[in-house]
Every structure is written in structure tokens, then in C-alpha cells.
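As C-alpha cells, the structure follows; a few thoughts come after it.
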Amino acid sequence: MSAAVTSSAARRAGAVALESLPERAGIIRAAAGIGLYAGAFGLTFGAVAATSGLSVSQAVAMSAVMFTGASQFALVGILAAGGAPLAGLSAALLLGLRNAFYGVPVTRILGPRGLRRLWTAHFVIDETTAMAVAQPTPRAGRFAFWATGVTLYVLWNVGTIAGALVGGGIDTSALGLDAAAPAIFLALLWPQLSDDRARATALGAVVVTLGLVRFVPAGVPIVAAAGVAIVAGLLPTRPRRGPEVRER
């Protein structure tokens, strides 16, 4: 009896806390918008996977287990071009490696413990990380992470099923979906470039990426750009000088 009362009170407290979150409506709108894009892009992936020789069940299993669009497209793209499965897996792993770096800021915001770390890690992708770190408070960041993650996961997998059943005939470039992902990520990242250090880090990452993209395998430029951010984070921060006080 007491356990049931305690559980009911905890649920009511959680609902009140959620309603009092000022950023809630904006986060839901943003997550819904990104989710619609994910569903359309998942449709494209399912079609590409089907035309590359994967069955419907294989395409769906890949989206459910991997849940990282860039890596999935790299894998099926190499398979569709007649490449070896090992080469496809290598490219997918290189692209997916960037998600490991995202774990640092996400862990600070969510603070998962024990087995919850494994469950949380499955949802650490570009969009969920960007949404979480863009929020003004940790509570809003946690809500943004899960709202975005669950929405994207559901619609990405629904889109994959539909695309795999269609089996082709979807032109990503014609629909503009190939530019949608970087555009959304840039829009989420832009508010974070509020100081000289952040802008310098972003500029350095862009220079490294553009310098490598034509000469190294897919995924390497992204990992190298993440290395720029790590180095910048390890550098000491200059203390801000306060206003000087003159002695009278």
C-alpha cells in the first residue's frame, strides 16, 4: 500500500515538474521537426538498403541496432557499389566513432548510472547531443535529449520499414534530404558559438575537415575534427579580468 502511494506521488511530482519546464513546448516542436526529417531520411535509407541487396528484415534490424544514419548509409553505399563488407563496416565504424566523443557532454547533463549508461548510449547521436547541450539548464537538457531521441528512433525505424518495402525510386538529392542533416545540426550548433574560444574551435574543425575530405577514407575527417575540439578543451582557459579598481 505504502509503495503504491509513494509511486503515485512520484509520478505526480514528475508530471508537475515537466509542466513547469519553460522550454518544454519549444523542445517538443524542435524534436518533432527533426523527427519528420528523420522519418523522410529513414525512408531513403530503407530504399537504398533494399536496392543494395539487403532484405527488409536486415534493413530494419540495422536501423534498430545501429541507429546512426551516416554510418548506415556508408555501409549500404559501399555494398551497393560492390565493395567488400569489411570495407563497409570500417567506414561505418569510423563515422560512428564521433558518437563516443558526444558521450562526454551528454554524461555531464544526464548523469546515467549502471546499466542505464548502456541504454542512454544507444541514443547518443548528433541531433540528441546538439539538442541537449543547447538548453539553458541541465533539466531542460535531459528532457531535450530524451524527447529528441525517442522521436527520432521511432520515426527513423518507421521510415526504414516503409523505404525497404518500397524498394527504391527515392532520390535523396532531388528531395534535398542530403542537405537537411547538416543544416539542422548547424542551426542547433550556432547558438553555442558565443565566445572567441568556441568560434576558433569550430573554425579549426572546419579547416581540418576540408583539408582531409578529399584525401582520406570516409569518417576520418570527422574524427580528426573531433580531435580539434578535444585539444581545444584541454587548453587552459584564460581568466577573465575584472574591472580595475584605482586606489585613491
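Within each chain, counting starts at residue 1; across the C-alpha cells, chains are named A, B, ... in the order shown, with ligands numbered 1 upward in that order.
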Where does region 11-62 of chain A meet region 130-136 of chain A within 9 Å, residue by residue, with the nearest atom pair and distance in Å to one decimal for each, counting only C-alpha atoms, listed by chain and rising number, as JSON lines?
```
{"residue": "A:Glu23", "atom": "CA", "partner": "A:Gln135", "partner_atom": "CA", "distance": 8.2}
{"residue": "A:Ile27", "atom": "CA", "partner": "A:Met131", "partner_atom": "CA", "distance": 8.1}
{"residue": "A:Ala30", "atom": "CA", "partner": "A:Met131", "partner_atom": "CA", "distance": 8.6}
{"residue": "A:Ala31", "atom": "CA", "partner": "A:Met131", "partner_atom": "CA", "distance": 8.4}
```
- Please identify all polymer residues within 10 Å of region 208-225 of chain A, counting only C-alpha atoms, omitting same-chain residues fewer than 4 positions from it, and present them as a PyMOL selection string. chain A and resi 70-71+74+90-99+101+201-204+229-230
Selected residues written out, C-alpha atoms, as a compact mmCIF listing (two decimals), in the first residue's frame:
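Contents of part01.txt, as written:
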```txt
# COMPACT_ATOMS: atom_id res chain seq x y z
CA ALA A 70 25.62 8.35 -41.53
CA SER A 71 27.19 5.01 -40.61
CA ALA A 74 28.17 4.44 -45.54
CA SER A 90 35.24 0.05 -41.45
CA ALA A 91 33.67 3.19 -42.90
CA ALA A 92 30.63 2.78 -40.65
CA LEU A 93 32.80 2.40 -37.56
CA LEU A 94 34.86 5.48 -38.41
CA LEU A 95 31.74 7.58 -38.84
CA GLY A 96 30.18 6.17 -35.68
CA LEU A 97 33.30 6.88 -33.63
CA ARG A 98 32.27 10.53 -33.27
CA ASN A 99 29.37 9.43 -31.06
CA PHE A 101 33.08 11.95 -28.13
CA THR A 201 37.46 25.67 -32.27
CA ALA A 202 34.68 25.45 -34.86
CA LEU A 203 36.83 27.20 -37.46
CA GLY A 204 39.76 24.86 -36.77
CA ALA A 229 37.67 20.06 -30.16
CA ILE A 230 39.39 17.75 -27.66
```
Please build the interface table for region 70-129 of chain A against region 142-156 of chain A with a cut-off of 9 Å, listing for each qualifying residue the nearest atom pair and the distance in Å to one decimal; count only C-alpha atoms, order rows by chain and increasing number, and write it as a Markdown table.
```
| residue | atom | partner | partner_atom | distance |
| --- | --- | --- | --- | --- |
| A:Val106 | CA | A:Phe145 | CA | 8.5 |
| A:Ile109 | CA | A:Arg142 | CA | 6.5 |
| A:Leu110 | CA | A:Arg142 | CA | 5.7 |
| A:Thr120 | CA | A:Trp146 | CA | 9.0 |
| A:Phe123 | CA | A:Gly149 | CA | 5.6 |
| A:Val124 | CA | A:Gly149 | CA | 7.9 |
| A:Ile125 | CA | A:Gly149 | CA | 8.3 |
| A:Glu127 | CA | A:Thr148 | CA | 7.3 |
| A:Thr128 | CA | A:Phe145 | CA | 4.9 |
| A:Thr129 | CA | A:Phe145 | CA | 6.7 |
```
- Query: Out of region 188-223 of chain A, which residues get helix (DSSP H, G or I) from DSSP, as a VMD selection string?
  - Reply: chain A and resid 188 to 192 196 to 212 220 to 223
Serialized selection, N, CA and C atoms, as a compact mmCIF listing (two decimals), in the first residue's frame:
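Written file, part33.txt:
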```txt
# COMPACT_ATOMS: atom_id res chain seq x y z
N LEU A 188 21.38 24.03 -34.73
CA LEU A 188 21.46 23.72 -33.30
C LEU A 188 22.80 24.14 -32.71
N LEU A 189 23.85 24.09 -33.52
CA LEU A 189 25.19 24.41 -33.02
C LEU A 189 25.42 25.92 -32.92
N TRP A 190 24.81 26.69 -33.82
CA TRP A 190 25.11 28.10 -33.94
C TRP A 190 25.01 28.88 -32.62
N PRO A 191 23.96 28.67 -31.79
CA PRO A 191 23.88 29.44 -30.54
C PRO A 191 25.02 29.17 -29.57
N GLN A 192 25.74 28.03 -29.76
CA GLN A 192 26.84 27.70 -28.85
C GLN A 192 28.12 28.45 -29.18
N ASP A 196 34.90 33.64 -28.26
CA ASP A 196 36.02 33.51 -29.20
C ASP A 196 36.58 32.09 -29.23
N ARG A 197 36.64 31.44 -28.07
CA ARG A 197 37.21 30.09 -28.00
C ARG A 197 36.36 29.11 -28.79
N ALA A 198 35.04 29.18 -28.64
CA ALA A 198 34.14 28.28 -29.37
C ALA A 198 34.22 28.53 -30.87
N ARG A 199 34.27 29.79 -31.26
CA ARG A 199 34.36 30.11 -32.69
C ARG A 199 35.68 29.64 -33.28
N ALA A 200 36.77 29.80 -32.54
CA ALA A 200 38.08 29.36 -33.03
C ALA A 200 38.12 27.84 -33.16
N THR A 201 37.51 27.14 -32.21
CA THR A 201 37.46 25.67 -32.27
C THR A 201 36.67 25.21 -33.48
N ALA A 202 35.51 25.82 -33.70
CA ALA A 202 34.68 25.45 -34.86
C ALA A 202 35.42 25.72 -36.17
N LEU A 203 36.10 26.86 -36.24
CA LEU A 203 36.83 27.20 -37.46
C LEU A 203 37.97 26.21 -37.69
N GLY A 204 38.69 25.84 -36.63
CA GLY A 204 39.76 24.86 -36.77
C GLY A 204 39.24 23.51 -37.23
N ALA A 205 38.07 23.09 -36.72
CA ALA A 205 37.48 21.82 -37.13
C ALA A 205 37.09 21.85 -38.60
N VAL A 206 36.55 22.99 -39.04
CA VAL A 206 36.17 23.12 -40.46
C VAL A 206 37.40 23.03 -41.36
N VAL A 207 38.47 23.72 -40.98
CA VAL A 207 39.70 23.71 -41.78
C VAL A 207 40.27 22.30 -41.89
N VAL A 208 40.31 21.59 -40.77
CA VAL A 208 40.85 20.22 -40.77
C VAL A 208 39.99 19.31 -41.64
N THR A 209 38.66 19.43 -41.50
CA THR A 209 37.76 18.58 -42.28
C THR A 209 37.90 18.81 -43.77
N LEU A 210 37.88 20.08 -44.17
CA LEU A 210 38.00 20.39 -45.60
C LEU A 210 39.37 20.00 -46.16
N GLY A 211 40.39 20.08 -45.32
CA GLY A 211 41.73 19.72 -45.78
C GLY A 211 41.91 18.22 -45.99
N LEU A 212 41.12 17.41 -45.28
CA LEU A 212 41.30 15.96 -45.34
C LEU A 212 40.28 15.25 -46.21
N VAL A 220 37.16 9.63 -41.51
CA VAL A 220 38.40 10.14 -40.93
C VAL A 220 38.35 11.65 -40.70
N PRO A 221 37.86 12.46 -41.66
CA PRO A 221 37.81 13.91 -41.39
C PRO A 221 36.97 14.27 -40.18
N ILE A 222 35.88 13.55 -39.95
CA ILE A 222 35.02 13.84 -38.81
C ILE A 222 35.74 13.54 -37.50
N VAL A 223 36.42 12.40 -37.47
CA VAL A 223 37.17 12.04 -36.26
C VAL A 223 38.28 13.05 -36.00
```
- Hey, what's within 8 Å of Ile161 (chain A) if we count only C-alpha atoms and toss same-chain stuff fewer than 2 positions away? As a list in words, please?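 Result of the neighbour search: Leu43, Gly46, Val56, Ala59, Val60, Asn157, Val158, Gly159, Gly163, Ala164 and Leu165 of chain A.
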- Message: I'd like the contact shell of Gln58 (chain A) - 10 Å cut-off, only C-alpha atoms, skipping same-chain residues fewer than 5 positions apart - returned as a VMD selection string.
- Response: chain A and resid 46 49 to 50 53 63 to 64 164
